[in-house]
$ cat my_file.cif   # mmCIF, C-alpha atoms and all ligand atoms
data_start
#
loop_
_atom_site.group_PDB
_atom_site.id
_atom_site.type_symbol
_atom_site.label_atom_id
_atom_site.label_comp_id
_atom_site.auth_asym_id
_atom_site.auth_seq_id
_atom_site.Cartn_x
_atom_site.Cartn_y
_atom_site.Cartn_z
ATOM 1 C CA MET X 18 -17.768 0.938 -9.376
ATOM 2 C CA SER X 19 -14.989 0.133 -11.805
ATOM 3 C CA ARG X 20 -12.228 -2.221 -10.832
ATOM 4 C CA ARG X 21 -9.827 -0.538 -8.477
ATOM 5 C CA ARG X 22 -6.095 -0.938 -8.478
ATOM 6 C CA VAL X 23 -4.279 -1.406 -5.200
ATOM 7 C CA LEU X 24 -0.491 -1.353 -4.869
ATOM 8 C CA LEU X 25 0.544 -3.583 -1.984
ATOM 9 C CA VAL X 26 4.042 -2.853 -0.690
ATOM 10 C CA GLU X 27 5.127 -5.400 1.904
ATOM 11 C CA ASP X 28 8.346 -7.335 2.367
ATOM 12 C CA ASP X 29 6.804 -10.173 4.401
ATOM 13 C CA GLU X 30 5.829 -12.703 1.761
ATOM 14 C CA ASP X 31 3.237 -14.460 3.932
ATOM 15 C CA ILE X 32 1.422 -11.205 4.695
ATOM 16 C CA ARG X 33 1.735 -10.066 1.074
ATOM 17 C CA ASP X 34 0.297 -13.332 -0.254
ATOM 18 C CA ALA X 35 -2.609 -13.324 2.190
ATOM 19 C CA VAL X 36 -3.510 -9.669 1.614
ATOM 20 C CA ALA X 37 -3.170 -9.934 -2.175
ATOM 21 C CA TYR X 38 -5.345 -13.050 -2.202
ATOM 22 C CA ILE X 39 -8.143 -11.528 -0.149
ATOM 23 C CA LEU X 40 -8.149 -8.232 -2.073
ATOM 24 C CA ARG X 41 -8.268 -10.054 -5.411
ATOM 25 C CA ARG X 42 -11.134 -12.133 -4.088
ATOM 26 C CA GLU X 43 -12.884 -8.799 -3.357
ATOM 27 C CA GLY X 44 -12.489 -7.950 -7.032
ATOM 28 C CA HIS X 45 -9.606 -5.498 -6.795
ATOM 29 C CA GLU X 46 -6.629 -5.468 -9.104
ATOM 30 C CA VAL X 47 -3.536 -5.906 -6.931
ATOM 31 C CA LEU X 48 0.005 -4.988 -7.868
ATOM 32 C CA GLU X 49 2.637 -6.309 -5.477
ATOM 33 C CA ALA X 50 6.006 -4.962 -4.442
ATOM 34 C CA SER X 51 8.388 -6.310 -1.823
ATOM 35 C CA HIS X 52 9.988 -2.926 -1.064
ATOM 36 C CA GLY X 53 9.778 0.740 -1.964
ATOM 37 C CA GLY X 54 12.064 0.456 -4.976
ATOM 38 C CA GLU X 55 9.825 -2.140 -6.563
ATOM 39 C CA ALA X 56 6.788 -0.048 -5.679
ATOM 40 C CA LEU X 57 8.277 2.947 -7.479
ATOM 41 C CA ASP X 58 8.939 0.747 -10.524
ATOM 42 C CA ARG X 59 5.302 -0.421 -10.503
ATOM 43 C CA ILE X 60 4.030 3.164 -10.303
ATOM 44 C CA LEU X 61 6.297 4.328 -13.119
ATOM 45 C CA ALA X 62 5.190 1.381 -15.263
ATOM 46 C CA HIS X 63 1.452 1.326 -14.495
ATOM 47 C CA GLY X 64 0.593 4.812 -13.248
ATOM 48 C CA GLN X 65 -0.566 5.854 -9.808
ATOM 49 C CA PRO X 66 -2.882 3.302 -8.188
ATOM 50 C CA ASP X 67 -6.187 4.037 -6.462
ATOM 51 C CA LEU X 68 -4.637 3.085 -3.137
ATOM 52 C CA ILE X 69 -1.220 2.193 -1.757
ATOM 53 C CA LEU X 70 -1.028 -0.224 1.166
ATOM 54 C CA LEU X 71 2.399 0.462 2.593
ATOM 55 C CA ASP X 72 4.506 -1.462 5.054
ATOM 56 C CA MET X 73 7.073 0.817 6.677
ATOM 57 C CA ASN X 74 9.934 -1.479 7.675
ATOM 58 C CA MET X 75 11.360 -3.012 4.510
ATOM 59 C CA PRO X 76 14.806 -3.585 2.993
ATOM 60 C CA VAL X 77 16.212 -1.589 0.042
ATOM 61 C CA MET X 78 13.712 1.290 0.279
ATOM 62 C CA ASN X 79 11.461 1.549 3.321
ATOM 63 C CA GLY X 80 8.052 3.185 3.618
ATOM 64 C CA TRP X 81 9.363 6.592 4.730
ATOM 65 C CA GLU X 82 11.844 6.643 1.845
ATOM 66 C CA LEU X 83 9.185 5.664 -0.684
ATOM 67 C CA ALA X 84 6.784 8.332 0.594
ATOM 68 C CA ALA X 85 9.558 10.952 0.328
ATOM 69 C CA GLU X 86 10.470 9.795 -3.176
ATOM 70 C CA LEU X 87 6.845 9.967 -4.339
ATOM 71 C CA LYS X 88 6.582 13.523 -2.979
ATOM 72 C CA ARG X 89 9.840 14.487 -4.668
ATOM 73 C CA ARG X 90 8.470 13.221 -7.984
ATOM 74 C CA ALA X 91 5.014 14.782 -7.379
ATOM 75 C CA LEU X 92 3.429 11.308 -7.530
ATOM 76 C CA THR X 93 1.019 12.066 -4.719
ATOM 77 C CA ALA X 94 -2.368 11.198 -6.232
ATOM 78 C CA SER X 95 -2.689 7.853 -4.457
ATOM 79 C CA PRO X 96 -3.892 7.769 -0.867
ATOM 80 C CA ILE X 97 -1.596 5.709 1.341
ATOM 81 C CA VAL X 98 -2.677 3.399 4.147
ATOM 82 C CA VAL X 99 0.177 2.382 6.416
ATOM 83 C CA LEU X 100 0.467 -1.248 7.525
ATOM 84 C CA THR X 101 2.917 -1.548 10.369
ATOM 85 C CA ALA X 102 3.421 -2.665 13.945
ATOM 86 C CA ALA X 103 0.502 -1.456 16.034
ATOM 87 C CA HIS X 104 2.549 0.705 18.414
ATOM 88 C CA ASP X 105 4.059 2.651 15.467
ATOM 89 C CA ALA X 106 1.169 2.724 13.041
ATOM 90 C CA GLN X 107 -0.486 6.035 13.863
ATOM 91 C CA ARG X 108 2.804 7.896 14.287
ATOM 92 C CA SER X 109 4.147 6.531 11.009
ATOM 93 C CA ALA X 110 0.958 7.525 9.214
ATOM 94 C CA VAL X 111 1.232 11.089 10.505
ATOM 95 C CA GLU X 112 4.931 11.268 9.602
ATOM 96 C CA ILE X 113 4.312 10.509 5.939
ATOM 97 C CA GLY X 114 0.935 12.229 5.640
ATOM 98 C CA ALA X 115 -0.909 8.954 5.044
ATOM 99 C CA ALA X 116 -4.670 8.790 4.669
ATOM 100 C CA GLY X 117 -4.939 5.983 7.193
ATOM 101 C CA PHE X 118 -3.248 3.150 9.001
ATOM 102 C CA ILE X 119 -3.827 -0.325 10.335
ATOM 103 C CA GLY X 120 -1.666 -1.881 13.036
ATOM 104 C CA LYS X 121 -0.117 -5.332 12.708
ATOM 105 C CA PRO X 122 -1.324 -7.870 13.505
ATOM 106 C CA PHE X 123 -4.571 -7.028 11.725
ATOM 107 C CA SER X 124 -7.447 -9.228 10.642
ATOM 108 C CA LEU X 125 -7.952 -9.625 6.901
ATOM 109 C CA GLU X 126 -11.593 -8.694 7.442
ATOM 110 C CA ASP X 127 -10.588 -5.337 8.973
ATOM 111 C CA LEU X 128 -8.150 -4.748 6.133
ATOM 112 C CA VAL X 129 -10.841 -5.426 3.525
ATOM 113 C CA THR X 130 -13.181 -2.981 5.268
ATOM 114 C CA LEU X 131 -10.505 -0.288 5.514
ATOM 115 C CA THR X 132 -9.463 -0.782 1.880
ATOM 116 C CA ALA X 133 -13.057 -0.488 0.677
ATOM 117 C CA ALA X 134 -13.539 2.691 2.703
ATOM 118 C CA HIS X 135 -10.457 4.339 1.220
ATOM 119 C CA LEU X 136 -11.279 3.213 -2.318
ATOM 120 C CA ALA X 137 -14.762 4.674 -1.936
ATOM 121 C CA GLY X 138 -13.132 8.008 -1.145
ATOM 122 C CA GLY X 139 -12.143 8.544 -4.773
ATOM 123 C CA ALA X 140 -10.199 7.083 -7.652
ATOM 124 C CA ALA X 141 -6.814 8.251 -8.849
ATOM 125 C CA HIS X 142 -5.753 6.617 -12.074
ATOM 126 C CA ALA X 143 -3.795 9.720 -13.022
ATOM 127 C CA ARG X 144 -0.309 9.145 -14.331
HETATM 128 MG MG MG Y 1 8.205 -5.220 6.861
#

$ encode --input "my_file.cif" --output "structure tokens" --more "lines below"
Ligand SMILES: [Mg+2]
Amino acid sequence: MSRRRVLLVEDDEDIRDAVAYILRREGHEVLEASHGGEALDRILAHGQPDLILLDMNMPVMNGWELAAELKRRALTASPIVVLTAAHDAQRSAVEIGAAGFIGKPFSLEDLVTLTAAHLAGGAAHAR
């Protein structure tokens, strides 16, 4: 399997650092964004990633706003996995049509497993 690109969108720096570290250790390429606006910039600069890991509650542009913006621009090739507070995770995923979700707090091991499962579902390096 070729190297897969994951866009990690998370405003909590500690979570972002930990998740980016573990996914890179798994051999994935990880692009990081601290809010939806940065995520959109990354996508416009690098193309659509194989997977978007998306926090919902963020400043500047939150997860719902980013998902709406990607739909508006027809940038919908990347599956999205929602990372958010456990009691909201499933509902948020349904609201934005995400491929999956994981509730915070999550274990890095569970996140690695979930990421691998979604990456195995198909690549999307389309621009
Ligand atoms: Mg957040």

$ resolve_selection --input "my_file.cif" --expression "the PyMOL selection byres (((chain X and resi 122-139) around 8) and not hetatm)" --output "PDB file with C-alpha atoms, keeping the file's coordinate frame"
ATOM      1  CA  ARG X  21      -9.827  -0.538  -8.477  1.00  0.00           C
ATOM      2  CA  VAL X  36      -3.510  -9.669   1.614  1.00  0.00           C
ATOM      3  CA  ILE X  39      -8.143 -11.528  -0.149  1.00  0.00           C
ATOM      4  CA  LEU X  40      -8.149  -8.232  -2.073  1.00  0.00           C
ATOM      5  CA  GLU X  43     -12.884  -8.799  -3.357  1.00  0.00           C
ATOM      6  CA  ASP X  67      -6.187   4.037  -6.462  1.00  0.00           C
ATOM      7  CA  LEU X  68      -4.637   3.085  -3.137  1.00  0.00           C
ATOM      8  CA  PRO X  96      -3.892   7.769  -0.867  1.00  0.00           C
ATOM      9  CA  ALA X 102       3.421  -2.665  13.945  1.00  0.00           C
ATOM     10  CA  ALA X 103       0.502  -1.456  16.034  1.00  0.00           C
ATOM     11  CA  ILE X 119      -3.827  -0.325  10.335  1.00  0.00           C
ATOM     12  CA  GLY X 120      -1.666  -1.881  13.036  1.00  0.00           C
ATOM     13  CA  LYS X 121      -0.117  -5.332  12.708  1.00  0.00           C
ATOM     14  CA  ALA X 140     -10.199   7.083  -7.652  1.00  0.00           C
ATOM     15  CA  ALA X 141      -6.814   8.251  -8.849  1.00  0.00           C
TER      16      ALA X 141
END

$ residues_near_ligand --input "my_file.cif" --ligand "ligand MG 1 (chain Y)" --cutoff "10 Å" --atoms "all atoms listed in the file" --output "number ranges by chain"
X: 26-30, 32-33, 51-52, 71-76, 79-80, 100-102

$ atom_distance --input "my_file.cif" --atom1 "CA of Arg41 in chain X" --atom2 "CA of Arg90 in chain X"
28.8 Å

$ atom_distance --input "my_file.cif" --atom1 "CA of Leu25 in chain X" --atom2 "CA of Arg108 in chain X"
20.0 Å

$ atom_distance --input "my_file.cif" --atom1 "CA of Ala110 in chain X" --atom2 "CA of Gly54 in chain X"
19.4 Å

$ resolve_selection --input "my_file.cif" --expression "the PyMOL selection byres (((chain X and resi 114) around 10) and not hetatm)" --output "list in words"
Ala84, Pro96, Ile97, Val98, Val99, Arg108, Ser109, Ala110, Val111, Glu112, Ile113, Ala115, Ala116 and Gly117 of chain X

$ closest_residue --input "my_file.cif" --among "X:Leu24, X:Leu57, X:Ala37, X:Leu70" --to "Ala85 in chain X" --atoms "all atoms listed in the file"
X:Leu57

$ closest_residue --input "my_file.cif" --among "X:Ala106, X:Val23, X:Ala35, X:Ala91" --to "Ala56 in chain X" --atoms "only C-alpha atoms"
X:Val23

$ resolve_selection --input "my_file.cif" --expression "the PyMOL selection byres (((chain X and resi 58-64) around 9) and not hetatm)" --output "count of residues only"
15

$ axis_aligned_box --input "my_file.cif" --around "range 73-76 of chain X" --padding-each-side "4 Å" --output "JSON"
{"center_x": 10.9, "center_y": -1.4, "center_z": 5.3, "size_x": 15.7, "size_y": 12.4, "size_z": 12.7}

$ decode --input "my_file.cif" --residues "range 126-140 of chain X" --atoms "all heavy atoms" --output "compact mmCIF listing (two decimals), in the first residue's frame"
# COMPACT_ATOMS: atom_id res chain seq x y z
N GLU X 126 -4.38 3.88 20.32
CA GLU X 126 -4.46 2.56 19.68
C GLU X 126 -5.77 2.42 18.89
O GLU X 126 -5.77 1.95 17.75
CB GLU X 126 -4.37 1.50 20.77
CG GLU X 126 -4.19 0.09 20.26
CD GLU X 126 -4.24 -0.92 21.41
OE1 GLU X 126 -3.96 -0.53 22.56
OE2 GLU X 126 -4.58 -2.07 21.14
N ASP X 127 -6.88 2.83 19.49
CA ASP X 127 -8.17 2.77 18.79
C ASP X 127 -8.18 3.69 17.58
O ASP X 127 -8.73 3.36 16.53
CB ASP X 127 -9.32 3.16 19.73
CG ASP X 127 -9.64 2.06 20.73
OD1 ASP X 127 -9.13 0.93 20.57
OD2 ASP X 127 -10.39 2.34 21.68
N LEU X 128 -7.55 4.85 17.72
CA LEU X 128 -7.50 5.79 16.60
C LEU X 128 -6.69 5.22 15.44
O LEU X 128 -7.08 5.34 14.28
CB LEU X 128 -6.91 7.13 17.04
CG LEU X 128 -6.95 8.16 15.91
CD1 LEU X 128 -8.36 8.72 15.76
CD2 LEU X 128 -5.96 9.26 16.12
N VAL X 129 -5.58 4.58 15.76
CA VAL X 129 -4.74 3.96 14.72
C VAL X 129 -5.53 2.88 13.98
O VAL X 129 -5.51 2.81 12.75
CB VAL X 129 -3.45 3.37 15.35
CG1 VAL X 129 -2.77 2.40 14.41
CG2 VAL X 129 -2.50 4.50 15.73
N THR X 130 -6.26 2.07 14.74
CA THR X 130 -7.06 1.00 14.14
C THR X 130 -8.14 1.57 13.23
O THR X 130 -8.33 1.11 12.10
CB THR X 130 -7.71 0.15 15.26
OG1 THR X 130 -6.69 -0.36 16.10
CG2 THR X 130 -8.52 -0.99 14.67
N LEU X 131 -8.83 2.58 13.72
CA LEU X 131 -9.91 3.21 12.94
C LEU X 131 -9.35 3.87 11.68
O LEU X 131 -9.93 3.76 10.59
CB LEU X 131 -10.62 4.25 13.81
CG LEU X 131 -11.87 4.89 13.23
CD1 LEU X 131 -12.98 3.87 13.10
CD2 LEU X 131 -12.32 6.06 14.10
N THR X 132 -8.23 4.55 11.81
CA THR X 132 -7.60 5.21 10.67
C THR X 132 -7.21 4.19 9.61
O THR X 132 -7.49 4.37 8.41
CB THR X 132 -6.35 5.99 11.13
OG1 THR X 132 -6.76 6.99 12.06
CG2 THR X 132 -5.65 6.66 9.96
N ALA X 133 -6.59 3.09 10.04
CA ALA X 133 -6.19 2.05 9.10
C ALA X 133 -7.40 1.48 8.38
O ALA X 133 -7.36 1.24 7.16
CB ALA X 133 -5.43 0.95 9.84
N ALA X 134 -8.49 1.28 9.10
CA ALA X 134 -9.70 0.71 8.50
C ALA X 134 -10.25 1.65 7.43
O ALA X 134 -10.63 1.21 6.34
CB ALA X 134 -10.76 0.46 9.58
N HIS X 135 -10.27 2.94 7.71
CA HIS X 135 -10.82 3.88 6.73
C HIS X 135 -9.88 4.06 5.55
O HIS X 135 -10.33 4.22 4.41
CB HIS X 135 -11.16 5.21 7.39
CG HIS X 135 -12.45 5.16 8.14
ND1 HIS X 135 -13.67 5.29 7.52
CD2 HIS X 135 -12.71 4.93 9.44
CE1 HIS X 135 -14.63 5.17 8.42
NE2 HIS X 135 -14.08 4.94 9.60
N LEU X 136 -8.57 4.02 5.81
CA LEU X 136 -7.62 4.14 4.69
C LEU X 136 -7.68 2.91 3.79
O LEU X 136 -7.48 3.00 2.59
CB LEU X 136 -6.20 4.33 5.22
CG LEU X 136 -5.91 5.70 5.82
CD1 LEU X 136 -4.53 5.73 6.44
CD2 LEU X 136 -6.04 6.80 4.77
N ALA X 137 -7.97 1.77 4.36
CA ALA X 137 -8.08 0.54 3.57
C ALA X 137 -9.31 0.57 2.66
O ALA X 137 -9.37 -0.14 1.66
CB ALA X 137 -8.14 -0.68 4.48
N GLY X 138 -10.26 1.44 3.01
CA GLY X 138 -11.49 1.54 2.23
C GLY X 138 -11.32 2.17 0.87
O GLY X 138 -12.21 2.12 0.04
N GLY X 139 -10.16 2.79 0.60
CA GLY X 139 -9.94 3.38 -0.71
C GLY X 139 -9.17 4.66 -0.63
O GLY X 139 -9.27 5.39 0.34
N ALA X 140 -8.39 4.94 -1.65
CA ALA X 140 -7.58 6.15 -1.68
C ALA X 140 -8.30 7.23 -2.46
O ALA X 140 -9.16 6.96 -3.27
CB ALA X 140 -6.23 5.87 -2.32
